[in-house]
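A.B. asks: Here it is, the structure in full.
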Amino acid sequence: MSNVQGYFDPRFETVRELFAEQQTDEQARGGALCVTVGGETVLDLWQGVADKDNQQVWEQDTLVNVFSCTKPLGAVALLQQVEAGRIELDSPLAEAWPEFAQAGKEQITLRQVLSHRSGLSAISDTLPPEALFDWDTMATALAAQEPWWTPGAAHGYAPVTYAWLLGEPLKRLSQERPGAYIQQHICQPLGMDFFVGVPDEDLQRIAHVSRLRNQYGDDYARKLFASMGQPEGMGFKAFGNPSSMMVSTNTREWQQAEILSANGTGNARSLARFWQVMAHGGSLDGAHLLDDKLVNVMQQQHSQGMDKTLLAPTRFGLGVMLEQDWEGGGFGMGPQAYGHPGAGGSLGFCDPEAGVSFGYVTNTMGPYVLMDPRALALSREVYRCLKQQD
């Protein structure tokens with residue numbers, strides 16, 4: 001018996017059926033899906049449970065950690081500084097953050113940081129677990145870090161350090177804390193129920209996140225997990241230094257930190273809303289995120305090929321992943337689709353050609369490197385429905 005709640009346009013009934021069917025997996029817990037086409041919401045669905053004891057139903061306003069789906073918000077926040085004339089894309093990051101100009105990082109530009117070309121995917125010195133929640137400790141460690149490769153020569157995803165690579169310059173350029181900046185300049189103007197650092201009064205709405213058992217993902221996922229078994233390697237350090245990265249998801253410290261690479265907390269509706277505005281060039285119905293010229297630059301390919309961190313082929317624009325042609329690497333729609341997956345299955349993206357935005361969240365984490373098969377199946381079905389209507 002499906003317990004899918006919410007609204008669906010009858011043209012997308014098969015998407016709702018697929019969403020309901022995914023809930024029949026015995027390990028499935030809770031999740032939500034929201035899709036817009038043009039200015040219209042065509043799907044806004046939720047189902048399952050939010051707590052670890054499977055007692056509390058997933059509500060219309062349940063929030064969940066969406067991990068790296070947060071990164072594009074951080075990228076837009078920095079690009080808003082570019083739009084305001086406070087920094088240029090090809091300026092050294094050290095112009096905004098003077099302490100960064102050491103250990104061979106003097107010439108690293110904002111563009112290189114945004115497109116994962118800075119060589120700063122991880123901190124090599126082992127940090128204590130509590131360092132993750134001390135903004136200045138992390139910023140200082142990154143300022144001292146030597147690049148793992150020649151900046152600009154290759155790319156490697158920065159799963160967690162991205163928060164400080166963007167957040168410290170953002171803090172200095174805007175004179176605001178990163179979480180407060182994103183709230184005020186991105187989430188509130190768009191009416192998004194989304195936080196980078198959840199206020200006390202909203203903590204009880206957050207779903208408990210768990211992992212799918214006995215699932216090992218594809219070959220790329222297995223290769224990545226194997227690399228994370230080498231404590232001195234970049235893969236291990238990128239995801240596991242400080243060690244609290246791997247174990248803090250359901251803690252209040254994590255939920256209230258401002259780790260704009262990984263700890264955004266929101267729902268499918270908010271992701272779809274953000275990507276709806278991006279699909280329309282950064283402005284829609286009076287809501288403005290970014291100048292359309294900068295949105296175009298974001299979507300241009302800046303990095304392509306084997307990713308030094310993820311050990312899989314990736315393509316990046318500025319703060320966003322671009323469509324790819326391998327199974328599990330793309331968004332399941334048209335060639336211009338762009339956006340960002342989050343660890344464990346969440347996904348937010350748009351396809352500007354089709355005028356579609358897509359938000360999917362789950363509290364049951366899968367083991368894939370990029371796209372989760374659950375999100376991808378839903379995305380493909382949305383696209384199939386659209387094509388049928390053409």
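Just so we're on the same page: first chain in the structure tokens is A, next is B, and so on; residues restart at 1 for each chain, and ligands are numbered from 1 in the order they show up.
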Considering only C-alpha atoms, return as a list in words whatever protein or nucleic-acid residues lie within 8 Å of region 62-64 of chain A, sequence-local ones (same chain, fewer than 3 positions apart) excluded.
C.D. replies: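 My list of contacting residues is Ala50, Trp58, Glu59, Phe194, Arg205, Ile206, Ala207, His208, Val209, Thr265, Gly266, Asn267, Val361, Thr362 and Asn363 of chain A.
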A.B. asks: What are the DSSP helix (DSSP H, G or I) residues of region 28-90 of chain A, as a list in words?
C.D. replies: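 Output for region 28-90 of chain A, helix (DSSP H, G or I) only: Phe67, Ser68, Cys69, Thr70, Lys71, Pro72, Leu73, Gly74, Ala75, Val76, Ala77, Leu78, Leu79, Gln80, Gln81, Val82 and Glu83 of chain A.
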A.B. asks: Write a file of the just-selected residues containing N, CA, C and O atoms, as a PDB file, in the first residue's frame.
C.D. replies:
ATOM      1  N   PHE A  67      23.393  17.068   1.391  1.00  0.00           N
ATOM      2  CA  PHE A  67      24.816  16.933   1.107  1.00  0.00           C
ATOM      3  C   PHE A  67      25.266  17.876  -0.016  1.00  0.00           C
ATOM      4  O   PHE A  67      25.014  19.066   0.050  1.00  0.00           O
ATOM      5  N   SER A  68      25.880  17.339  -1.065  1.00  0.00           N
ATOM      6  CA  SER A  68      26.505  18.215  -2.070  1.00  0.00           C
ATOM      7  C   SER A  68      25.529  18.918  -2.997  1.00  0.00           C
ATOM      8  O   SER A  68      25.955  19.737  -3.813  1.00  0.00           O
ATOM      9  N   CYS A  69      24.238  18.631  -2.894  1.00  0.00           N
ATOM     10  CA  CYS A  69      23.261  19.454  -3.637  1.00  0.00           C
ATOM     11  C   CYS A  69      23.366  20.908  -3.177  1.00  0.00           C
ATOM     12  O   CYS A  69      22.850  21.806  -3.845  1.00  0.00           O
ATOM     13  N   THR A  70      24.040  21.131  -2.047  1.00  0.00           N
ATOM     14  CA  THR A  70      24.242  22.490  -1.514  1.00  0.00           C
ATOM     15  C   THR A  70      25.262  23.289  -2.326  1.00  0.00           C
ATOM     16  O   THR A  70      25.225  24.528  -2.334  1.00  0.00           O
ATOM     17  N   LYS A  71      26.199  22.600  -2.986  1.00  0.00           N
ATOM     18  CA  LYS A  71      27.326  23.303  -3.617  1.00  0.00           C
ATOM     19  C   LYS A  71      26.918  24.396  -4.613  1.00  0.00           C
ATOM     20  O   LYS A  71      27.508  25.474  -4.609  1.00  0.00           O
ATOM     21  N   PRO A  72      25.924  24.151  -5.472  1.00  0.00           N
ATOM     22  CA  PRO A  72      25.560  25.216  -6.414  1.00  0.00           C
ATOM     23  C   PRO A  72      25.071  26.491  -5.727  1.00  0.00           C
ATOM     24  O   PRO A  72      25.239  27.587  -6.270  1.00  0.00           O
ATOM     25  N   LEU A  73      24.484  26.384  -4.540  1.00  0.00           N
ATOM     26  CA  LEU A  73      24.062  27.586  -3.817  1.00  0.00           C
ATOM     27  C   LEU A  73      25.289  28.386  -3.395  1.00  0.00           C
ATOM     28  O   LEU A  73      25.306  29.618  -3.491  1.00  0.00           O
ATOM     29  N   GLY A  74      26.324  27.669  -2.939  1.00  0.00           N
ATOM     30  CA  GLY A  74      27.575  28.338  -2.590  1.00  0.00           C
ATOM     31  C   GLY A  74      28.218  28.995  -3.796  1.00  0.00           C
ATOM     32  O   GLY A  74      28.731  30.116  -3.720  1.00  0.00           O
ATOM     33  N   ALA A  75      28.152  28.299  -4.944  1.00  0.00           N
ATOM     34  CA  ALA A  75      28.730  28.856  -6.171  1.00  0.00           C
ATOM     35  C   ALA A  75      27.981  30.118  -6.596  1.00  0.00           C
ATOM     36  O   ALA A  75      28.595  31.129  -6.959  1.00  0.00           O
ATOM     37  N   VAL A  76      26.642  30.072  -6.528  1.00  0.00           N
ATOM     38  CA  VAL A  76      25.849  31.254  -6.883  1.00  0.00           C
ATOM     39  C   VAL A  76      26.161  32.411  -5.930  1.00  0.00           C
ATOM     40  O   VAL A  76      26.292  33.572  -6.354  1.00  0.00           O
ATOM     41  N   ALA A  77      26.344  32.105  -4.649  1.00  0.00           N
ATOM     42  CA  ALA A  77      26.685  33.153  -3.673  1.00  0.00           C
ATOM     43  C   ALA A  77      27.989  33.863  -4.064  1.00  0.00           C
ATOM     44  O   ALA A  77      28.089  35.094  -3.998  1.00  0.00           O
ATOM     45  N   LEU A  78      28.982  33.095  -4.510  1.00  0.00           N
ATOM     46  CA  LEU A  78      30.252  33.697  -4.943  1.00  0.00           C
ATOM     47  C   LEU A  78      30.088  34.460  -6.247  1.00  0.00           C
ATOM     48  O   LEU A  78      30.655  35.543  -6.428  1.00  0.00           O
ATOM     49  N   LEU A  79      29.300  33.904  -7.154  1.00  0.00           N
ATOM     50  CA  LEU A  79      29.081  34.586  -8.432  1.00  0.00           C
ATOM     51  C   LEU A  79      28.278  35.874  -8.239  1.00  0.00           C
ATOM     52  O   LEU A  79      28.412  36.807  -9.023  1.00  0.00           O
ATOM     53  N   GLN A  80      27.482  35.940  -7.186  1.00  0.00           N
ATOM     54  CA  GLN A  80      26.819  37.201  -6.856  1.00  0.00           C
ATOM     55  C   GLN A  80      27.852  38.262  -6.457  1.00  0.00           C
ATOM     56  O   GLN A  80      27.660  39.455  -6.729  1.00  0.00           O
ATOM     57  N   GLN A  81      28.965  37.834  -5.871  1.00  0.00           N
ATOM     58  CA  GLN A  81      30.049  38.780  -5.548  1.00  0.00           C
ATOM     59  C   GLN A  81      30.726  39.269  -6.836  1.00  0.00           C
ATOM     60  O   GLN A  81      31.136  40.427  -6.940  1.00  0.00           O
ATOM     61  N   VAL A  82      30.823  38.360  -7.809  1.00  0.00           N
ATOM     62  CA  VAL A  82      31.366  38.745  -9.124  1.00  0.00           C
ATOM     63  C   VAL A  82      30.429  39.752  -9.786  1.00  0.00           C
ATOM     64  O   VAL A  82      30.857  40.792 -10.299  1.00  0.00           O
ATOM     65  N   GLU A  83      29.127  39.452  -9.748  1.00  0.00           N
ATOM     66  CA  GLU A  83      28.138  40.347 -10.351  1.00  0.00           C
ATOM     67  C   GLU A  83      28.185  41.733  -9.692  1.00  0.00           C
ATOM     68  O   GLU A  83      28.024  42.761 -10.361  1.00  0.00           O
TER      69      GLU A  83
END
A.B. asks: Got a sec to tell me which of region 255-363 of chain A DSSP assigns to strand (DSSP E or B), as a ChimeraX atom specification?
C.D. replies: /A:265-266,283-284,287-288,303-306,313-316,321-322,338-341,347-351,356-362
A.B. asks: Please provide the set of residues having any atom within 8 Å of region 91-103 of chain A, restricted to only C-alpha atoms, with same-chain residues fewer than 3 positions apart removed, written as a PyMOL selection string.
C.D. replies: chain A and resi 87-88+106-110+142-147+168-169+172-173
A.B. asks: Just write the chosen residues, N, CA, C and O atoms, as a CSV table (one decimal), in the first residue's frame.
C.D. replies:
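Output (again.csv):
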chain,number,residue,atom,x,y,z
A,87,ILE,N,34.8,41.0,-6.8
A,87,ILE,CA,35.9,40.1,-7.2
A,87,ILE,C,35.7,39.7,-8.7
A,87,ILE,O,34.5,39.7,-9.2
A,88,GLU,N,36.7,39.3,-9.4
A,88,GLU,CA,36.6,38.8,-10.7
A,88,GLU,C,36.9,37.3,-10.8
A,88,GLU,O,37.6,36.8,-9.9
A,106,GLU,N,49.4,31.3,-4.6
A,106,GLU,CA,49.3,32.7,-4.9
A,106,GLU,C,48.4,33.0,-6.1
A,106,GLU,O,47.7,34.0,-6.1
A,107,GLN,N,48.5,32.2,-7.1
A,107,GLN,CA,47.8,32.5,-8.4
A,107,GLN,C,46.5,31.7,-8.6
A,107,GLN,O,45.9,31.9,-9.6
A,108,ILE,N,46.1,30.9,-7.6
A,108,ILE,CA,44.9,30.2,-7.8
A,108,ILE,C,43.7,31.2,-7.9
A,108,ILE,O,43.6,32.1,-7.1
A,109,THR,N,42.9,31.0,-8.9
A,109,THR,CA,41.8,31.9,-9.2
A,109,THR,C,40.4,31.4,-8.6
A,109,THR,O,40.3,30.2,-8.4
A,110,LEU,N,39.5,32.3,-8.5
A,110,LEU,CA,38.1,31.9,-8.1
A,110,LEU,C,37.6,30.9,-9.2
A,110,LEU,O,36.9,29.9,-8.8
A,142,LEU,N,43.3,25.1,5.4
A,142,LEU,CA,43.2,25.2,3.9
A,142,LEU,C,44.2,26.3,3.4
A,142,LEU,O,44.8,26.1,2.4
A,143,ALA,N,44.3,27.4,4.2
A,143,ALA,CA,45.2,28.5,3.8
A,143,ALA,C,46.6,28.0,3.8
A,143,ALA,O,47.5,28.4,2.9
A,144,ALA,N,47.0,27.0,4.6
A,144,ALA,CA,48.3,26.5,4.8
A,144,ALA,C,48.6,25.3,3.8
A,144,ALA,O,49.7,25.0,3.6
A,145,GLN,N,47.5,24.8,3.3
A,145,GLN,CA,47.6,23.5,2.5
A,145,GLN,C,48.3,23.8,1.1
A,145,GLN,O,48.0,24.7,0.4
A,146,GLU,N,49.2,22.9,0.8
A,146,GLU,CA,49.9,22.9,-0.5
A,146,GLU,C,49.0,22.1,-1.5
A,146,GLU,O,48.4,21.1,-1.1
A,147,PRO,N,48.8,22.6,-2.7
A,147,PRO,CA,48.0,21.9,-3.6
A,147,PRO,C,48.5,20.4,-3.9
A,147,PRO,O,49.7,20.2,-3.9
A,168,GLU,N,35.1,31.2,2.9
A,168,GLU,CA,35.9,32.2,3.5
A,168,GLU,C,36.0,33.4,2.7
A,168,GLU,O,35.8,34.6,3.2
A,169,PRO,N,36.2,33.3,1.3
A,169,PRO,CA,36.1,34.5,0.5
A,169,PRO,C,34.8,35.2,0.5
A,169,PRO,O,34.7,36.4,0.6
A,172,ARG,N,34.4,37.3,3.6
A,172,ARG,CA,35.2,38.5,3.6
A,172,ARG,C,34.7,39.5,2.6
A,172,ARG,O,34.7,40.7,2.8
A,173,LEU,N,34.1,39.0,1.5
A,173,LEU,CA,33.6,39.9,0.4
A,173,LEU,C,32.2,40.5,0.8
A,173,LEU,O,31.9,41.6,0.5
A.B. asks: At a cut-off of 10 Å, using only C-alpha atoms, what residues contact Gln47 (chain A)? Leave out same-chain residues fewer than 6 positions from it and give the result as a PyMOL selection string.
C.D. replies: chain A and resi 2-6+19-20+23+28-33+57-60+362
A.B. asks: Any chance you can output those residues with N, CA, C and O atoms as a PDB file, in the first residue's frame?
C.D. replies:
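Printed below is part.pdb as written:
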ATOM      1  N   SER A   2       0.744   2.058  -1.034  1.00  0.00           N
ATOM      2  CA  SER A   2       1.577   3.266  -1.134  1.00  0.00           C
ATOM      3  C   SER A   2       0.996   4.377  -0.255  1.00  0.00           C
ATOM      4  O   SER A   2      -0.208   4.503  -0.093  1.00  0.00           O
ATOM      5  N   ASN A   3       1.886   5.161   0.312  1.00  0.00           N
ATOM      6  CA  ASN A   3       1.404   6.295   1.117  1.00  0.00           C
ATOM      7  C   ASN A   3       1.870   7.619   0.517  1.00  0.00           C
ATOM      8  O   ASN A   3       2.213   8.549   1.220  1.00  0.00           O
ATOM      9  N   VAL A   4       1.917   7.678  -0.827  1.00  0.00           N
ATOM     10  CA  VAL A   4       2.377   8.907  -1.483  1.00  0.00           C
ATOM     11  C   VAL A   4       1.380  10.045  -1.219  1.00  0.00           C
ATOM     12  O   VAL A   4       0.182   9.892  -1.432  1.00  0.00           O
ATOM     13  N   GLN A   5       1.911  11.151  -0.741  1.00  0.00           N
ATOM     14  CA  GLN A   5       1.115  12.354  -0.502  1.00  0.00           C
ATOM     15  C   GLN A   5       1.512  13.417  -1.519  1.00  0.00           C
ATOM     16  O   GLN A   5       2.591  13.352  -2.097  1.00  0.00           O
ATOM     17  N   GLY A   6       0.633  14.436  -1.661  1.00  0.00           N
ATOM     18  CA  GLY A   6       1.017  15.587  -2.461  1.00  0.00           C
ATOM     19  C   GLY A   6       0.242  15.691  -3.766  1.00  0.00           C
ATOM     20  O   GLY A   6      -0.785  15.047  -3.965  1.00  0.00           O
ATOM     21  N   PHE A  19       7.516   6.509  -8.326  1.00  0.00           N
ATOM     22  CA  PHE A  19       7.900   6.996  -7.003  1.00  0.00           C
ATOM     23  C   PHE A  19       7.289   6.096  -5.916  1.00  0.00           C
ATOM     24  O   PHE A  19       7.962   5.678  -4.974  1.00  0.00           O
ATOM     25  N   ALA A  20       6.020   5.754  -6.084  1.00  0.00           N
ATOM     26  CA  ALA A  20       5.335   4.872  -5.127  1.00  0.00           C
ATOM     27  C   ALA A  20       5.971   3.486  -5.121  1.00  0.00           C
ATOM     28  O   ALA A  20       6.168   2.869  -4.061  1.00  0.00           O
ATOM     29  N   GLN A  23       9.047   2.907  -3.076  1.00  0.00           N
ATOM     30  CA  GLN A  23       8.821   2.787  -1.638  1.00  0.00           C
ATOM     31  C   GLN A  23       8.592   1.328  -1.216  1.00  0.00           C
ATOM     32  O   GLN A  23       8.678   1.005  -0.042  1.00  0.00           O
ATOM     33  N   ALA A  28      13.519   0.932   1.909  1.00  0.00           N
ATOM     34  CA  ALA A  28      13.114   2.325   1.662  1.00  0.00           C
ATOM     35  C   ALA A  28      12.544   2.925   2.942  1.00  0.00           C
ATOM     36  O   ALA A  28      11.815   2.270   3.685  1.00  0.00           O
ATOM     37  N   ARG A  29      12.867   4.188   3.191  1.00  0.00           N
ATOM     38  CA  ARG A  29      12.331   4.860   4.375  1.00  0.00           C
ATOM     39  C   ARG A  29      11.506   6.072   3.977  1.00  0.00           C
ATOM     40  O   ARG A  29      10.301   6.023   3.989  1.00  0.00           O
ATOM     41  N   GLY A  30      12.135   7.183   3.593  1.00  0.00           N
ATOM     42  CA  GLY A  30      11.335   8.353   3.219  1.00  0.00           C
ATOM     43  C   GLY A  30      11.983   9.133   2.096  1.00  0.00           C
ATOM     44  O   GLY A  30      13.181   8.991   1.828  1.00  0.00           O
ATOM     45  N   GLY A  31      11.180   9.972   1.449  1.00  0.00           N
ATOM     46  CA  GLY A  31      11.735  10.792   0.384  1.00  0.00           C
ATOM     47  C   GLY A  31      10.687  11.719  -0.196  1.00  0.00           C
ATOM     48  O   GLY A  31       9.502  11.637   0.141  1.00  0.00           O
ATOM     49  N   ALA A  32      11.159  12.601  -1.068  1.00  0.00           N
ATOM     50  CA  ALA A  32      10.262  13.569  -1.707  1.00  0.00           C
ATOM     51  C   ALA A  32      10.773  13.891  -3.103  1.00  0.00           C
ATOM     52  O   ALA A  32      11.971  13.789  -3.384  1.00  0.00           O
ATOM     53  N   LEU A  33       9.838  14.290  -3.961  1.00  0.00           N
ATOM     54  CA  LEU A  33      10.139  14.611  -5.349  1.00  0.00           C
ATOM     55  C   LEU A  33       9.342  15.845  -5.742  1.00  0.00           C
ATOM     56  O   LEU A  33       8.156  15.944  -5.438  1.00  0.00           O
ATOM     57  N   VAL A  57       5.750   9.825  10.211  1.00  0.00           N
ATOM     58  CA  VAL A  57       5.589   9.900   8.758  1.00  0.00           C
ATOM     59  C   VAL A  57       6.305  11.135   8.206  1.00  0.00           C
ATOM     60  O   VAL A  57       6.461  12.150   8.891  1.00  0.00           O
ATOM     61  N   TRP A  58       6.750  10.989   6.969  1.00  0.00           N
ATOM     62  CA  TRP A  58       7.367  12.109   6.252  1.00  0.00           C
ATOM     63  C   TRP A  58       6.253  13.115   5.939  1.00  0.00           C
ATOM     64  O   TRP A  58       5.265  12.770   5.318  1.00  0.00           O
ATOM     65  N   GLU A  59       6.442  14.351   6.373  1.00  0.00           N
ATOM     66  CA  GLU A  59       5.409  15.382   6.212  1.00  0.00           C
ATOM     67  C   GLU A  59       5.736  16.289   5.022  1.00  0.00           C
ATOM     68  O   GLU A  59       6.840  16.278   4.500  1.00  0.00           O
ATOM     69  N   GLN A  60       4.771  17.126   4.694  1.00  0.00           N
ATOM     70  CA  GLN A  60       4.951  18.095   3.611  1.00  0.00           C
ATOM     71  C   GLN A  60       6.161  18.998   3.872  1.00  0.00           C
ATOM     72  O   GLN A  60       6.848  19.411   2.943  1.00  0.00           O
ATOM     73  N   THR A 362      16.122  12.025  -0.258  1.00  0.00           N
ATOM     74  CA  THR A 362      15.853  10.758   0.422  1.00  0.00           C
ATOM     75  C   THR A 362      16.627  10.723   1.735  1.00  0.00           C
ATOM     76  O   THR A 362      17.673  11.366   1.850  1.00  0.00           O
TER      77      THR A 362
END
A.B. asks: Nearest to Gly348 (chain A) among A:Leu271, A:Leu318, A:Leu132, A:Leu290, with distances taken over only C-alpha atoms: which residue is it?
C.D. replies: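 When distances to Gly348 (chain A) are compared using only C-alpha atoms, the smallest one comes from A:Leu271.
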A.B. asks: From the list A:Leu120, A:Val277, A:Leu165, A:Ala141, which residue is nearest Gly191 (chain A) when using only C-alpha atoms?
C.D. replies: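 Among A:Leu120, A:Val277, A:Leu165, A:Ala141, it is A:Val277 that comes nearest to Gly191 (chain A).
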A.B. asks: Which value, in Å to one decimal, gives the distance between CA of Trp164 (chain A) and CA of Gln300 (chain A)?
C.D. replies: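 According to the coordinates, CA of Trp164 (chain A) and CA of Gln300 (chain A) are separated by 23.5 Å.
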A.B. asks: Near Gly345 (chain A), counting only C-alpha atoms, which residues have an atom at most 7 Å away, once you skip same-chain residues fewer than 5 positions from it, shown as a list of chain:residue names?
C.D. replies: A:Val361, A:Thr362, A:Met365, A:Gly366, A:Met371, A:Asp372, A:Ala375
A.B. asks: Please produce a file of those selected residues containing C-alpha atoms, as a tab-separated table (two decimals), in the first residue's frame.
C.D. replies:
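The result, written out as result.tsv:
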chain	number	residue	atom	x	y	z
A	361	VAL	CA	15.60	13.94	-1.63
A	362	THR	CA	15.85	10.76	0.42
A	365	MET	CA	21.61	6.79	1.38
A	366	GLY	CA	22.71	4.68	-1.58
A	371	MET	CA	23.63	9.85	-9.76
A	372	ASP	CA	21.52	7.53	-7.66
A	375	ALA	CA	16.59	9.67	-8.79
A.B. asks: Would you mind telling me which residue in A:Pro151, A:Ser118, A:Gln175, A:Asp325 lies nearest to Arg86 (chain A) when using only C-alpha atoms?
C.D. replies: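 Once distances to Arg86 (chain A) are computed over only C-alpha atoms, the minimum belongs to A:Gln175.
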A.B. asks: Rounded to one decimal, what separation in Å do you get between CA of Gln55 (chain A) and CA of Ser210 (chain A)?
C.D. replies: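 So the answer is 14.7 Å.
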A.B. asks: Which is closer to Glu353 (chain A) than all the others in A:Gly48, A:Gly179, A:Pro335, A:Pro159, using only C-alpha atoms?
C.D. replies: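 Comparing A:Gly48, A:Gly179, A:Pro335, A:Pro159 against Glu353 (chain A), the winner is A:Pro335.
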A.B. asks: I need the residue nearest Gly319 (chain A) from this list: A:Gln188, A:Thr41, A:Ser115, A:Thr126. Use only C-alpha atoms for the distance.
C.D. replies: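 Of A:Gln188, A:Thr41, A:Ser115, A:Thr126, the one nearest Gly319 (chain A) is A:Ser115, counting only C-alpha atoms.
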A.B. asks: Find the residues near region 239-243 of chain A: any atom within 10 Å, counting only C-alpha atoms, skip ones fewer than 5 places away on the same chain, and give them as a list in words.
C.D. replies: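 Final neighbour list, sorted by chain and number: Ser121, Ala122, Ile123, Ser124, Asp125, Thr126, Leu127, Pro128, Pro129, Glu130, Ala131, Leu132, Phe133, Met138, Ala158, Pro159, Val160, Thr161, Met228, Pro231, Met234, Ser248 and Thr309 of chain A.
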A.B. asks: Take CA of Ser357 (chain A) and CA of His116 (chain A) and report the distance between them in Å, one decimal.
C.D. replies: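 Distance reported for this atom pair: 24.2 Å.
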